file final-v4.cif (mmCIF, C-alpha atoms)
data_work
loop_
_atom_site.label_atom_id
_atom_site.label_comp_id
_atom_site.auth_asym_id
_atom_site.auth_seq_id
_atom_site.Cartn_x
_atom_site.Cartn_y
_atom_site.Cartn_z
CA MET A 1 149.69 139.57 114.45
CA ASN A 2 148.98 142.11 111.72
CA THR A 3 152.37 142.86 110.15
CA LEU A 4 150.96 145.47 107.80
CA ASN A 5 149.54 147.44 110.72
CA THR A 6 152.93 147.28 112.40
CA ALA A 7 154.47 148.59 109.17
CA VAL A 8 151.97 151.46 109.06
CA ASP A 9 152.89 152.46 112.60
CA SER A 10 156.60 152.31 111.78
CA LEU A 11 156.25 154.35 108.59
CA GLY A 12 154.95 157.19 110.70
CA ALA A 13 158.44 157.58 112.15
CA ALA A 14 160.74 157.14 109.14
CA PRO A 15 160.76 156.60 105.36
CA ALA A 16 161.11 153.06 104.05
CA CYS A 17 161.37 150.96 100.91
CA TRP A 18 158.72 148.37 100.05
CA VAL A 19 160.25 145.22 98.53
CA GLU A 20 157.84 142.69 97.03
CA VAL A 21 158.13 139.41 95.17
CA ILE A 22 156.08 140.13 92.05
CA ASP A 23 156.84 136.87 90.26
CA ALA A 24 158.75 133.66 90.84
CA GLN A 25 159.69 130.57 88.87
CA GLY A 26 161.13 127.27 90.00
CA SER A 27 162.35 126.60 93.52
CA VAL A 28 162.34 129.87 95.48
CA PRO A 29 162.21 130.86 99.18
CA ARG A 30 158.85 132.71 98.99
CA GLY A 31 156.14 133.18 96.40
CA ALA A 32 154.52 136.15 94.69
CA GLY A 33 152.94 138.68 97.03
CA THR A 34 155.53 138.20 99.77
CA TRP A 35 156.94 141.50 100.98
CA MET A 36 159.24 143.24 103.42
CA LEU A 37 159.53 146.86 104.47
CA VAL A 38 163.13 148.04 104.74
CA PHE A 39 164.08 151.00 106.94
CA ALA A 40 167.52 152.48 107.38
CA ASP A 41 167.92 150.65 110.68
CA LYS A 42 165.36 147.85 110.78
CA LEU A 43 163.28 145.39 108.76
CA LEU A 44 159.65 144.27 108.86
CA GLY A 45 158.48 141.15 107.06
CA THR A 46 160.65 138.82 104.98
CA ILE A 47 161.02 137.60 101.42
CA GLY A 48 162.70 134.42 102.58
CA GLY A 49 166.03 135.27 104.15
CA GLY A 50 169.40 134.20 102.82
CA HIS A 51 171.55 136.01 100.29
CA LEU A 52 168.56 137.11 98.20
CA GLU A 53 167.13 139.06 101.14
CA PHE A 54 170.56 140.42 102.01
CA GLU A 55 171.02 141.78 98.48
CA ALA A 56 167.48 143.14 98.38
CA MET A 57 167.98 144.97 101.68
CA ALA A 58 171.21 146.52 100.35
CA ARG A 59 169.46 147.78 97.21
CA ALA A 60 166.51 149.07 99.21
CA ARG A 61 168.74 151.03 101.58
CA ALA A 62 170.72 152.43 98.69
CA LEU A 63 167.46 153.65 97.16
CA LEU A 64 166.53 155.30 100.46
CA ALA A 65 169.93 156.94 100.84
CA LEU A 66 170.42 158.13 97.25
CA GLY A 67 166.84 158.76 96.23
CA GLY A 68 165.22 157.58 93.04
CA SER A 69 162.04 156.00 91.76
CA ALA A 70 160.59 152.51 91.92
CA PHE A 71 162.23 149.76 89.89
CA GLU A 72 162.08 146.01 89.31
CA GLN A 73 164.97 143.54 89.26
CA ARG A 74 165.40 139.89 88.35
CA PHE A 75 167.43 137.61 90.67
CA ALA A 76 168.55 134.15 89.59
CA LEU A 77 169.06 131.98 92.66
CA GLY A 78 172.18 130.30 91.38
CA PRO A 79 175.93 130.68 91.80
CA SER A 80 175.83 134.48 91.67
CA LEU A 81 173.81 134.60 94.90
CA GLY A 82 175.33 131.51 96.48
CA GLN A 83 171.90 129.87 96.71
CA CYS A 84 171.28 126.48 95.16
CA CYS A 85 167.48 126.79 94.92
CA GLY A 86 167.76 127.19 91.16
CA GLY A 87 164.69 129.38 90.75
CA VAL A 88 164.22 132.94 89.61
CA VAL A 89 162.63 135.80 91.56
CA TRP A 90 161.49 139.22 90.33
CA LEU A 91 161.44 141.93 93.00
CA ARG A 92 159.89 145.38 92.94
CA PHE A 93 161.40 148.17 95.04
CA GLU A 94 159.17 151.14 95.90
CA PRO A 95 160.29 154.02 98.16
CA LEU A 96 157.73 155.33 100.63
CA ALA A 97 157.94 158.71 102.26
CA GLN A 98 157.52 159.02 106.00
CA GLY A 99 153.82 159.11 106.78
CA ASP A 100 152.64 157.78 103.39
CA MET A 101 150.06 155.48 104.98
CA ALA A 102 147.77 155.47 101.95
CA GLY A 103 150.60 154.35 99.68
CA LEU A 104 151.61 151.60 102.06
CA ARG A 105 148.09 150.26 102.41
CA ALA A 106 147.65 150.27 98.62
CA LEU A 107 150.83 148.23 98.25
CA GLY A 108 149.60 145.84 100.94
CA GLN A 109 146.32 145.31 99.10
CA ARG A 110 148.17 144.70 95.85
CA SER A 111 150.45 142.12 97.43
CA ALA A 112 147.45 140.34 98.97
CA GLY A 113 145.99 139.95 95.51
CA ARG A 114 149.12 138.11 94.36
CA GLN A 115 149.20 135.66 97.25
CA ARG A 116 147.57 132.26 97.50
CA PRO A 117 144.08 132.39 99.02
CA ALA A 118 144.14 132.35 102.80
CA LEU A 119 142.77 129.48 104.82
CA GLN A 120 139.13 130.04 105.73
CA VAL A 121 138.70 128.67 109.26
CA ALA A 122 135.56 128.61 111.39
CA LEU A 123 136.41 127.78 115.00
CA PHE A 124 133.65 126.84 117.45
CA GLY A 125 134.86 127.18 121.01
CA ALA A 126 136.75 129.79 123.01
CA GLY A 127 138.26 127.52 125.62
CA HIS A 128 141.93 126.87 126.31
CA VAL A 129 142.56 125.05 123.03
CA GLY A 130 140.50 127.60 121.11
CA HIS A 131 142.58 130.48 122.46
CA ALA A 132 145.83 128.63 121.73
CA LEU A 133 144.67 127.97 118.15
CA VAL A 134 143.70 131.58 117.54
CA GLU A 135 147.06 132.72 118.89
CA LEU A 136 148.72 130.51 116.28
CA LEU A 137 146.34 130.87 113.31
CA ALA A 138 146.35 134.67 113.57
CA ARG A 139 150.03 134.52 112.57
CA LEU A 140 149.35 132.37 109.52
CA PRO A 141 147.68 133.19 106.18
CA CYS A 142 144.24 132.61 107.62
CA ARG A 143 140.82 134.27 107.79
CA LEU A 144 139.39 133.22 111.13
CA HIS A 145 135.74 133.22 112.27
CA TRP A 146 135.60 132.44 116.00
CA ILE A 147 132.25 131.45 117.54
CA ASP A 148 131.05 130.65 121.06
CA SER A 149 127.66 130.52 122.76
CA ARG A 150 129.03 132.24 125.85
CA ASP A 151 129.36 135.99 125.86
CA ALA A 152 132.57 137.74 126.99
CA VAL A 153 134.82 134.69 126.54
CA PHE A 154 137.01 136.03 123.75
CA ALA A 155 140.39 137.49 124.65
CA PRO A 156 140.09 141.30 124.35
CA ARG A 157 142.98 141.63 121.89
CA TRP A 158 141.03 139.57 119.33
CA LEU A 159 138.09 141.96 119.41
CA ALA A 160 140.02 144.82 117.81
CA PRO A 161 138.89 145.64 114.25
CA ASP A 162 142.41 145.11 112.89
CA SER A 163 143.00 141.73 114.60
CA GLY A 164 141.95 139.75 111.54
CA VAL A 165 139.70 137.61 113.77
CA ASP A 166 135.92 137.83 113.46
CA CYS A 167 134.46 136.99 116.90
CA GLU A 168 130.80 136.01 117.12
CA HIS A 169 128.56 135.27 120.09
CA SER A 170 125.88 132.87 118.87
CA ALA A 171 123.18 131.26 120.99
CA PRO A 172 122.38 128.59 120.08
CA VAL A 173 125.88 128.16 118.78
CA GLU A 174 124.89 125.88 115.88
CA ALA A 175 122.85 128.73 114.37
CA ALA A 176 126.14 130.24 113.14
CA VAL A 177 126.77 127.30 110.79
CA ALA A 178 124.30 128.56 108.20
CA ASP A 179 126.28 131.78 107.65
CA LEU A 180 129.80 130.35 107.50
CA ALA A 181 131.83 131.25 104.44
CA ALA A 182 131.81 128.75 101.60
CA HIS A 183 134.79 126.36 101.66
CA ALA A 184 135.37 126.97 105.36
CA GLN A 185 137.41 124.49 107.35
CA VAL A 186 135.34 123.95 110.50
CA LEU A 187 136.90 123.11 113.87
CA ILE A 188 134.51 122.13 116.67
CA MET A 189 135.73 122.32 120.29
CA SER A 190 133.08 123.99 122.44
CA PHE A 191 132.93 123.75 126.24
CA SER A 192 130.02 121.28 125.94
CA HIS A 193 129.70 117.89 124.25
CA ALA A 194 126.03 118.65 123.72
CA GLU A 195 126.96 121.80 121.81
CA ASP A 196 129.60 119.93 119.84
CA LEU A 197 126.98 117.42 118.75
CA GLU A 198 124.59 120.14 117.58
CA VAL A 199 127.32 121.93 115.61
CA VAL A 200 128.36 118.69 113.91
CA ALA A 201 124.73 117.97 113.03
CA ALA A 202 124.30 121.48 111.61
CA CYS A 203 127.46 121.07 109.53
CA LEU A 204 126.29 117.74 108.14
CA GLN A 205 122.90 119.22 107.32
CA ARG A 206 124.63 122.06 105.47
CA GLN A 207 126.75 119.54 103.59
CA ARG A 208 123.59 117.69 102.59
CA GLU A 209 122.08 120.90 101.24
CA ARG A 210 125.10 122.76 99.88
CA ALA A 211 128.20 120.52 100.10
CA ASP A 212 130.43 123.58 100.51
CA LEU A 213 132.39 122.97 103.72
CA ASP A 214 135.92 121.76 102.98
CA PHE A 215 136.60 120.15 106.36
CA ILE A 216 134.67 119.26 109.52
CA GLY A 217 136.97 118.50 112.44
CA LEU A 218 135.82 117.54 115.94
CA ILE A 219 138.07 117.58 118.98
CA GLY A 220 137.94 114.48 121.16
CA SER A 221 138.73 110.80 121.34
CA ALA A 222 137.69 107.90 119.14
CA THR A 223 135.27 106.95 121.93
CA LYS A 224 133.61 110.37 121.79
CA TRP A 225 133.20 110.08 118.04
CA ALA A 226 131.74 106.56 118.33
CA VAL A 227 129.03 107.93 120.65
CA PHE A 228 128.40 110.93 118.39
CA ARG A 229 128.30 108.75 115.30
CA LYS A 230 125.60 106.54 116.81
CA ARG A 231 123.49 109.54 117.84
CA LEU A 232 123.86 111.23 114.46
CA ALA A 233 122.92 108.02 112.66
CA GLN A 234 119.77 107.92 114.77
CA ARG A 235 118.98 111.41 113.40
CA GLY A 236 119.09 110.05 109.87
CA PHE A 237 122.61 110.82 108.71
CA SER A 238 124.09 108.13 106.48
CA GLU A 239 127.45 106.42 106.91
CA GLN A 240 128.75 108.33 103.90
CA GLU A 241 127.68 111.63 105.46
CA LEU A 242 129.23 110.74 108.81
CA ASP A 243 132.51 109.89 107.10
CA GLN A 244 132.88 113.61 106.33
CA VAL A 245 133.74 114.26 109.99
CA THR A 246 137.34 113.95 111.20
CA CYS A 247 137.71 112.97 114.86
CA PRO A 248 140.15 113.09 116.57
CA ILE A 249 141.71 116.14 114.92
CA GLY A 250 145.35 117.02 114.64
CA LEU A 251 148.27 115.74 112.59
CA PRO A 252 149.06 112.15 113.65
CA GLY A 253 152.33 111.68 115.46
CA ILE A 254 152.19 114.94 117.42
CA THR A 255 151.49 113.81 120.98
CA GLY A 256 150.59 115.75 124.10
CA LYS A 257 147.41 117.16 125.60
CA GLU A 258 148.62 120.66 126.38
CA PRO A 259 146.45 123.26 124.56
CA GLU A 260 149.47 124.64 122.72
CA VAL A 261 150.52 121.17 121.49
CA ILE A 262 147.00 120.41 120.28
CA ALA A 263 146.91 123.78 118.52
CA VAL A 264 150.15 123.04 116.67
CA ALA A 265 148.87 119.61 115.60
CA VAL A 266 145.57 121.02 114.33
CA ALA A 267 147.17 123.97 112.53
CA ALA A 268 149.63 121.57 110.88
CA GLN A 269 146.75 119.40 109.73
CA LEU A 270 145.01 122.38 108.12
CA LEU A 271 148.19 123.50 106.40
CA GLN A 272 148.86 119.97 105.14
CA ARG A 273 145.38 119.86 103.64
CA ARG A 274 146.02 123.21 101.99
CA GLY A 275 149.09 121.77 100.28
#

call {"tool": "encode", "arguments": {"input": "final-v4.cif", "output": "structure tokens"}}
result
Amino acid sequence: MNTLNTAVDSLGAAPACWVEVIDAQGSVPRGAGTWMLVFADKLLGTIGGGHLEFEAMARARALLALGGSAFEQRFALGPSLGQCCGGVVWLRFEPLAQGDMAGLRALGQRSAGRQRPALQVALFGAGHVGHALVELLARLPCRLHWIDSRDAVFAPRWLAPDSGVDCEHSAPVEAAVADLAAHAQVLIMSFSHAEDLEVVAACLQRQRERADLDFIGLIGSATKWAVFRKRLAQRGFSEQELDQVTCPIGLPGITGKEPEVIAVAVAAQLLQRRG
């Protein structure tokens, strides 16, 4: 889901006020770069909810109703706001005229520069679990590269230029490993165990040469990994190299084999690693 694109569409119908967290100290609901777009009758995005957001919405709507220029304001999350977080947030309020798409996109780019780097995920496999994962990861701070050896297996909505998902048909599928972004977190779940093995081997070879993949995760059971481990050792990969692969994947304690449950467990694991 591309919230900024939704905001652009909405701004075509009515003026709005951009509210962004430009700095934060201590315990706060959301960090720098978080934003919301406040209209007279609706809201897109969030800066964390609670009384802080309530007050920010009131100030934004007052700016829309009375007119005026952009301003910044400091909010201490203490007794005055009825929030016990104890931190401090600085917000910037910027009015946007109806139809000011260029201004909105510029603000969106600026906010992105203040945010923590997004997860860089390379997902091999467009099966049921792959689709469930993309559905979830597309709503998280994530840059997603989705690869499959089969053509026409990606859901059409993920092929749109503004989807935030880069879909690639690669045959053989392991050939895509060489061009993955540095520090990618790789998830391997193709329709074929033979393909899975080749992708894992390509990832380990890249690690041997460049050591720039942050995570290599393989879907499957401990039995599957035992078989793969033996075959990869026969190809000359050391025990230390093989220890770079995580299989099974998913946060321990989340049980269930439904694609959506597996997707939640895997996404949680990636977010936990991100810290």

call {"tool": "atom_distance", "arguments": {"input": "final-v4.cif", "atom1": "atom CA of A:Leu136", "atom2": "atom CA of A:Arg105"}}
result
24.1 Å

call {"tool": "resolve_selection", "arguments": {"input": "final-v4.cif", "expression": "the PyMOL selection byres ((chain A and resi 123) around 10)", "output": "ChimeraX atom specification"}}
result
/A:120-122,124-126,130,133-134,144-148,167,184-190,217

call {"tool": "residues_near_point", "arguments": {"input": "final-v4.cif", "point": "(126.9, 118.8, 120.1)", "cutoff": "12 Å", "atoms": "all atoms listed in the file", "output": "PyMOL selection string"}}
result
chain A and resi 124-125+172-174+188-203+218-220+224-225+227-229+231-232

call {"tool": "atom_distance", "arguments": {"input": "final-v4.cif", "atom1": "atom CA of A:Ala182", "atom2": "atom CA of A:Asp212"}}
result
5.5 Å

call {"tool": "closest_residue", "arguments": {"input": "final-v4.cif", "among": "A:Ala226, A:Trp90, A:Gly236, A:Leu77", "to": "A:His51", "atoms": "all atoms listed in the file"}}
result
A:Leu77

call {"tool": "residues_around", "arguments": {"input": "final-v4.cif", "residues": "stretch 39-42 of chain A", "least_positions_apart": "4", "cutoff": "10 Å", "atoms": "only C-alpha atoms", "output": "list in words"}}
result
Ser10, Leu11, Ala14, Pro15, Ala16, Cys17, Trp18, Met57, Ala58, Ala60, Arg61, Ala62, Leu64, Ala65 and Leu96 of chain A

call {"tool": "closest_residue", "arguments": {"input": "final-v4.cif", "among": "A:Glu94, A:Glu260, A:Glu53, A:Asp9", "to": "A:Ala70", "atoms": "only C-alpha atoms"}}
result
A:Glu94

call {"tool": "axis_aligned_box", "arguments": {"input": "final-v4.cif", "around": "stretch 38-57 of chain A", "padding_each_side": "5 Å", "output": "JSON"}}
result
{"center_x": 165.0, "center_y": 143.3, "center_z": 104.5, "size_x": 23.1, "size_y": 28.3, "size_z": 22.6}

call {"tool": "residues_near_point", "arguments": {"input": "final-v4.cif", "point": "(134.0, 139.5, 120.5)", "cutoff": "8 Å", "atoms": "all atoms listed in the file", "output": "list of chain:residue names"}}
result
A:Asp151, A:Ala152, A:Val153, A:Phe154, A:Ala155, A:Pro156, A:Trp158, A:Leu159, A:Asp166, A:Cys167, A:Glu168, A:His169

call {"tool": "atom_distance", "arguments": {"input": "final-v4.cif", "atom1": "atom CA of A:Thr34", "atom2": "atom CA of A:Leu270"}}
result
20.8 Å

call {"tool": "resolve_selection", "arguments": {"input": "final-v4.cif", "expression": "the PyMOL selection byres ((chain A and resi 33) around 7)", "output": "CSV table (one decimal) with C-alpha atoms, in the coordinates of the input"}}
result
chain,number,residue,atom,x,y,z
A,20,GLU,CA,157.8,142.7,97.0
A,21,VAL,CA,158.1,139.4,95.2
A,22,ILE,CA,156.1,140.1,92.0
A,31,GLY,CA,156.1,133.2,96.4
A,32,ALA,CA,154.5,136.2,94.7
A,34,THR,CA,155.5,138.2,99.8
A,35,TRP,CA,156.9,141.5,101.0
A,111,SER,CA,150.4,142.1,97.4
A,112,ALA,CA,147.4,140.3,99.0
A,114,ARG,CA,149.1,138.1,94.4
A,115,GLN,CA,149.2,135.7,97.2

call {"tool": "residues_around", "arguments": {"input": "final-v4.cif", "residues": "A:Ala233", "least_positions_apart": "5", "cutoff": "8 Å", "atoms": "all atoms listed in the file", "output": "list in words"}}
result
Ser238, Glu239 and Leu242 of chain A
